[in-house]
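Colleague: Dropping in my_file.cif, which is mmCIF, N, CA and C atoms:
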```cif
data_entry
#
loop_
_atom_site.label_atom_id
_atom_site.label_comp_id
_atom_site.auth_asym_id
_atom_site.auth_seq_id
_atom_site.Cartn_x
_atom_site.Cartn_y
_atom_site.Cartn_z
N ASP A 19 123.77 7.28 20.77
CA ASP A 19 123.84 6.07 21.56
C ASP A 19 124.97 5.19 21.04
N VAL A 20 125.39 4.26 21.84
CA VAL A 20 126.58 3.47 21.54
C VAL A 20 126.34 2.48 20.40
N GLU A 21 125.24 1.77 20.41
CA GLU A 21 125.05 0.70 19.45
C GLU A 21 124.53 1.15 18.08
N PHE A 22 123.62 2.10 18.03
CA PHE A 22 122.99 2.48 16.76
C PHE A 22 123.27 3.91 16.35
N GLY A 23 123.97 4.69 17.18
CA GLY A 23 124.12 6.12 16.96
C GLY A 23 125.04 6.49 15.82
N GLY A 24 124.78 7.65 15.26
CA GLY A 24 125.58 8.19 14.16
C GLY A 24 124.88 9.37 13.52
N PRO A 25 125.41 9.84 12.40
CA PRO A 25 124.86 11.03 11.74
C PRO A 25 123.79 10.74 10.69
N GLY A 26 123.25 9.53 10.67
CA GLY A 26 122.28 9.16 9.63
C GLY A 26 120.84 9.42 10.01
N ARG A 27 119.99 9.47 8.99
CA ARG A 27 118.55 9.60 9.18
C ARG A 27 117.84 8.59 8.29
N TYR A 28 116.69 8.14 8.76
CA TYR A 28 115.91 7.11 8.05
C TYR A 28 114.49 7.63 7.93
N PRO A 29 114.16 8.28 6.80
CA PRO A 29 112.78 8.72 6.60
C PRO A 29 111.89 7.52 6.25
N PHE A 30 110.63 7.58 6.65
CA PHE A 30 109.71 6.47 6.34
C PHE A 30 108.34 7.00 5.97
N LYS A 31 107.59 6.14 5.27
CA LYS A 31 106.19 6.38 4.92
C LYS A 31 105.46 5.07 5.15
N VAL A 32 104.50 5.07 6.05
CA VAL A 32 103.73 3.86 6.35
C VAL A 32 102.79 3.59 5.18
N GLU A 33 102.84 2.37 4.65
CA GLU A 33 102.01 1.99 3.51
C GLU A 33 100.70 1.37 3.98
N GLY A 34 99.60 1.74 3.32
CA GLY A 34 98.31 1.14 3.61
C GLY A 34 97.62 1.65 4.86
N LEU A 35 98.07 2.76 5.39
CA LEU A 35 97.48 3.32 6.60
C LEU A 35 96.28 4.19 6.22
N PRO A 36 95.13 4.01 6.88
CA PRO A 36 93.98 4.88 6.58
C PRO A 36 94.33 6.36 6.78
N ALA A 37 93.68 7.22 6.04
CA ALA A 37 93.95 8.67 6.11
C ALA A 37 93.78 9.19 7.53
N SER A 38 94.65 10.09 7.92
CA SER A 38 94.61 10.77 9.23
C SER A 38 94.73 9.81 10.41
N GLN A 39 95.45 8.72 10.23
CA GLN A 39 95.64 7.78 11.34
C GLN A 39 97.13 7.60 11.59
N LYS A 40 97.54 7.75 12.82
CA LYS A 40 98.94 7.55 13.19
C LYS A 40 99.21 6.08 13.43
N ALA A 41 100.49 5.71 13.34
CA ALA A 41 100.91 4.34 13.60
C ALA A 41 102.18 4.37 14.44
N ARG A 42 102.35 3.36 15.26
CA ARG A 42 103.59 3.21 16.03
C ARG A 42 104.60 2.52 15.12
N VAL A 43 105.75 3.15 14.91
CA VAL A 43 106.74 2.64 13.98
C VAL A 43 107.97 2.17 14.74
N SER A 44 108.37 0.95 14.48
CA SER A 44 109.56 0.36 15.10
C SER A 44 110.66 0.26 14.05
N LEU A 45 111.84 0.74 14.40
CA LEU A 45 113.00 0.64 13.52
C LEU A 45 113.86 -0.50 14.02
N LEU A 46 114.07 -1.48 13.15
CA LEU A 46 114.81 -2.68 13.50
C LEU A 46 116.12 -2.74 12.72
N ARG A 47 117.17 -3.22 13.37
CA ARG A 47 118.41 -3.48 12.64
C ARG A 47 118.14 -4.68 11.74
N ALA A 48 118.39 -4.56 10.45
CA ALA A 48 118.02 -5.60 9.49
C ALA A 48 118.72 -6.92 9.76
N ARG A 49 119.94 -6.90 10.23
CA ARG A 49 120.73 -8.12 10.42
C ARG A 49 120.09 -9.08 11.41
N ASP A 50 119.63 -8.58 12.56
CA ASP A 50 119.12 -9.46 13.60
C ASP A 50 117.77 -9.02 14.18
N LYS A 51 117.18 -8.01 13.59
CA LYS A 51 115.87 -7.47 13.99
C LYS A 51 115.87 -6.90 15.40
N ALA A 52 117.04 -6.46 15.89
CA ALA A 52 117.11 -5.79 17.19
C ALA A 52 116.43 -4.44 17.10
N LEU A 53 115.65 -4.08 18.12
CA LEU A 53 114.94 -2.82 18.13
C LEU A 53 115.93 -1.67 18.36
N ALA A 54 115.95 -0.73 17.41
CA ALA A 54 116.85 0.42 17.52
C ALA A 54 116.12 1.66 18.01
N ARG A 55 114.91 1.91 17.51
CA ARG A 55 114.14 3.09 17.87
C ARG A 55 112.65 2.78 17.70
N GLU A 56 111.81 3.57 18.37
CA GLU A 56 110.36 3.54 18.15
C GLU A 56 109.85 4.97 18.19
N THR A 57 108.82 5.24 17.38
CA THR A 57 108.19 6.55 17.36
C THR A 57 106.79 6.41 16.78
N TRP A 58 106.03 7.49 16.83
CA TRP A 58 104.72 7.54 16.18
C TRP A 58 104.87 8.30 14.87
N SER A 59 104.17 7.84 13.85
CA SER A 59 104.16 8.56 12.58
C SER A 59 103.29 9.80 12.71
N ALA A 60 103.45 10.71 11.77
CA ALA A 60 102.53 11.84 11.66
C ALA A 60 101.20 11.30 11.12
N ALA A 61 100.16 12.11 11.12
CA ALA A 61 98.85 11.67 10.65
C ALA A 61 98.86 11.25 9.18
N ASP A 62 99.83 11.74 8.40
CA ASP A 62 99.93 11.34 6.99
C ASP A 62 100.79 10.09 6.81
N GLY A 63 101.24 9.48 7.91
CA GLY A 63 102.00 8.24 7.83
C GLY A 63 103.50 8.41 7.64
N THR A 64 103.99 9.64 7.67
CA THR A 64 105.40 9.88 7.46
C THR A 64 106.13 10.16 8.77
N GLY A 65 107.44 10.08 8.71
CA GLY A 65 108.27 10.39 9.86
C GLY A 65 109.73 10.14 9.53
N THR A 66 110.59 10.42 10.49
CA THR A 66 112.03 10.24 10.30
C THR A 66 112.67 9.82 11.61
N PHE A 67 113.50 8.81 11.54
CA PHE A 67 114.36 8.45 12.66
C PHE A 67 115.70 9.14 12.42
N THR A 68 116.29 9.71 13.46
CA THR A 68 117.56 10.40 13.31
C THR A 68 118.60 9.82 14.26
N GLY A 69 119.84 10.24 14.05
CA GLY A 69 120.93 9.82 14.93
C GLY A 69 121.32 8.37 14.74
N LEU A 70 121.41 7.92 13.47
CA LEU A 70 121.67 6.51 13.18
C LEU A 70 123.02 6.29 12.51
N ASP A 71 123.58 5.11 12.74
CA ASP A 71 124.83 4.69 12.13
C ASP A 71 124.64 4.50 10.63
N LEU A 72 125.45 5.18 9.83
CA LEU A 72 125.34 5.09 8.37
C LEU A 72 125.75 3.73 7.82
N ALA A 73 126.50 2.94 8.57
CA ALA A 73 126.98 1.64 8.11
C ALA A 73 126.05 0.49 8.52
N THR A 74 124.93 0.79 9.13
CA THR A 74 124.00 -0.25 9.58
C THR A 74 122.72 -0.19 8.76
N LYS A 75 122.29 -1.33 8.24
CA LYS A 75 121.06 -1.40 7.47
C LYS A 75 119.89 -1.59 8.42
N PHE A 76 118.81 -0.83 8.21
CA PHE A 76 117.62 -0.89 9.06
C PHE A 76 116.38 -1.18 8.23
N ILE A 77 115.32 -1.58 8.92
CA ILE A 77 114.00 -1.74 8.30
C ILE A 77 112.96 -1.26 9.31
N ALA A 78 111.94 -0.57 8.81
CA ALA A 78 110.88 -0.05 9.69
C ALA A 78 109.59 -0.82 9.46
N VAL A 79 108.89 -1.08 10.56
CA VAL A 79 107.59 -1.77 10.54
C VAL A 79 106.63 -0.97 11.40
N ALA A 80 105.40 -0.79 10.92
CA ALA A 80 104.42 0.01 11.64
C ALA A 80 103.25 -0.84 12.11
N GLN A 81 102.68 -0.42 13.24
CA GLN A 81 101.48 -1.07 13.77
C GLN A 81 100.45 0.01 14.04
N ASP A 82 99.26 -0.14 13.46
CA ASP A 82 98.21 0.85 13.68
C ASP A 82 97.51 0.58 15.01
N PRO A 83 96.62 1.48 15.46
CA PRO A 83 95.97 1.30 16.76
C PRO A 83 95.15 0.01 16.87
N ALA A 84 94.71 -0.55 15.75
CA ALA A 84 93.95 -1.80 15.77
C ALA A 84 94.86 -3.03 15.83
N GLY A 85 96.18 -2.82 15.79
CA GLY A 85 97.11 -3.93 15.86
C GLY A 85 97.55 -4.49 14.52
N MET A 86 97.08 -3.92 13.43
CA MET A 86 97.46 -4.38 12.09
C MET A 86 98.87 -3.87 11.77
N LEU A 87 99.70 -4.74 11.17
CA LEU A 87 101.04 -4.36 10.77
C LEU A 87 101.04 -3.79 9.36
N HIS A 88 101.88 -2.79 9.13
CA HIS A 88 101.99 -2.14 7.83
C HIS A 88 103.47 -1.98 7.48
N PRO A 89 103.83 -2.23 6.21
CA PRO A 89 105.22 -2.02 5.81
C PRO A 89 105.55 -0.54 5.68
N CYS A 90 106.83 -0.23 5.77
CA CYS A 90 107.31 1.15 5.60
C CYS A 90 108.41 1.20 4.54
N GLY A 91 108.32 0.36 3.54
CA GLY A 91 109.34 0.31 2.50
C GLY A 91 110.35 -0.80 2.78
N ALA A 92 111.34 -0.90 1.91
CA ALA A 92 112.35 -1.96 2.01
C ALA A 92 113.45 -1.58 2.99
N GLU A 93 114.22 -2.58 3.41
CA GLU A 93 115.36 -2.29 4.29
C GLU A 93 116.40 -1.50 3.50
N HIS A 94 117.04 -0.59 4.19
CA HIS A 94 118.10 0.19 3.55
C HIS A 94 118.99 0.85 4.59
N TYR A 95 120.10 1.41 4.10
CA TYR A 95 121.01 2.15 4.97
C TYR A 95 120.47 3.55 5.17
N PRO A 96 120.71 4.17 6.33
CA PRO A 96 120.28 5.55 6.54
C PRO A 96 121.02 6.48 5.58
N GLU A 97 120.44 7.62 5.34
CA GLU A 97 121.09 8.65 4.53
C GLU A 97 121.73 9.66 5.46
N PRO A 98 122.75 10.37 4.97
CA PRO A 98 123.37 11.40 5.81
C PRO A 98 122.34 12.47 6.20
N ASP A 99 122.40 12.93 7.43
CA ASP A 99 121.50 13.96 7.93
C ASP A 99 122.20 15.31 7.80
N PRO A 100 121.76 16.15 6.86
CA PRO A 100 122.46 17.43 6.66
C PRO A 100 122.36 18.36 7.88
N SER A 101 121.36 18.18 8.71
CA SER A 101 121.22 19.07 9.86
C SER A 101 122.24 18.76 10.96
N THR A 102 122.84 17.56 10.92
CA THR A 102 123.85 17.22 11.92
C THR A 102 125.25 17.14 11.32
N GLY A 103 125.37 17.55 10.08
CA GLY A 103 126.67 17.51 9.42
C GLY A 103 127.06 16.13 8.95
N GLY A 104 126.08 15.22 8.84
CA GLY A 104 126.36 13.87 8.36
C GLY A 104 126.86 13.90 6.93
N ALA A 105 127.88 13.12 6.66
CA ALA A 105 128.46 13.13 5.31
C ALA A 105 128.49 11.74 4.74
#
```
Kindly transcribe the structure held in the file into structure tokens.
Modeller:
Amino acid sequence: DVEFGGPGRYPFKVEGLPASQKARVSLLRARDKALARETWSAADGTGTFTGLDLATKFIAVAQDPAGMLHPCGAEHYPEPDPSTGGA
């Protein structure tokens, strides 16, 4: 995509999520909190956003089915995605 696209990936782990429960995870651009991507975590709370600009810092926030918010770690830059030749 034009605004957020690139060869980066952003792995996440939802913190404080009950066992075997998925959460909706929103990836926000750290600078202005613009929504870049959304996905559901796996049942273990993990997942990865792909196709991201390596020069843009992001932060992920999760919401469980009950509406409770959960952190997914600190804001950071995506890492190169070896499967897409990201360097």
Colleague: So that I can see what lies close to Pro83 (chain A), please list as a list of chain:residue names the residues with an atom at most 12 Å from it, counting only C-alpha atoms and leaving out residues fewer than 4 positions away in the same chain.
Modeller: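 Once the adjacent positions are removed, what remains is A:Leu35, A:Pro36, A:Gln39, A:Lys40, A:Ala41, A:Arg42, A:Val43, A:Trp58, A:Ser59, A:Leu87, A:His88.
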Colleague: Tell me which of A:Ala52, A:Leu45, A:Ala80, A:Cys90 sits closest to Thr68 (chain A), counting only C-alpha atoms.
Modeller: A:Leu45
Colleague: Starting from the shown file, work through the PyMOL selection byres ((chain A and resi 23) around 7) and note down what comes out as a PyMOL selection string.
Modeller: chain A and resi 19-22+24-26+69-72
Colleague: How many Å lie between CA of Arg49 (chain A) and CA of Gly65 (chain A), rounded to one decimal?
Modeller: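 Taking CA of Arg49 (chain A) as the start and CA of Gly65 (chain A) as the end point, the length is 22.3 Å.
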Colleague: Could you list as an MDAnalysis selection string every residue that has an atom within 6.5 Å of (118.6, -2.3, 7.3), using the file's coordinates and counting only N, CA and C atoms?
Modeller: chainID A and resid 46:49 74:77 93:95
Colleague: Step by step, gather every atom of region 42-61 of chain A that the file lists, find the box along x, y and z that holds them, add 8 Å on each side, and finally give centre and edge lengths in Å to one decimal, as JSON.
Modeller:
```
{"center_x": 109.8, "center_y": 1.3, "center_z": 13.8, "size_x": 37.9, "size_y": 37.6, "size_z": 25.2}
```
Colleague: Just list as a PyMOL selection string whatever in chain A DSSP marks as strand (DSSP E or B).
Modeller: chain A and resi 26-31+42-47+53-58+64-70+76-81+87-89+94+97-98
Colleague: Near Thr66 (chain A), counting only C-alpha atoms, which residues have an atom at most 12 Å away, once you skip same-chain residues fewer than 6 positions from it, shown as a ChimeraX atom specification?
Modeller: /A:26-32,43-45,55-60,78,90,96-97,99
Colleague: What is the CA of Asp50 (chain A)-CA of Gly34 (chain A) distance in Å, reported with one decimal?
Modeller: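 Atom-to-atom, CA of Asp50 (chain A) to CA of Gly34 (chain A), that is 25.4 Å.
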Colleague: Please, what distance in Å, to one decimal, runs between CA of Ser38 (chain A) and CA of Thr64 (chain A)?
Modeller: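 Distance between the two atoms: 11.0 Å.
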Colleague: Of the candidates A:Ala37, A:Ala73, A:Asp82, A:Ala92, which one gets nearest to Ala61 (chain A) if we count only N, CA and C atoms?
Modeller: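 Using only N, CA and C atoms, Ala61 (chain A) sits closest to A:Ala37.
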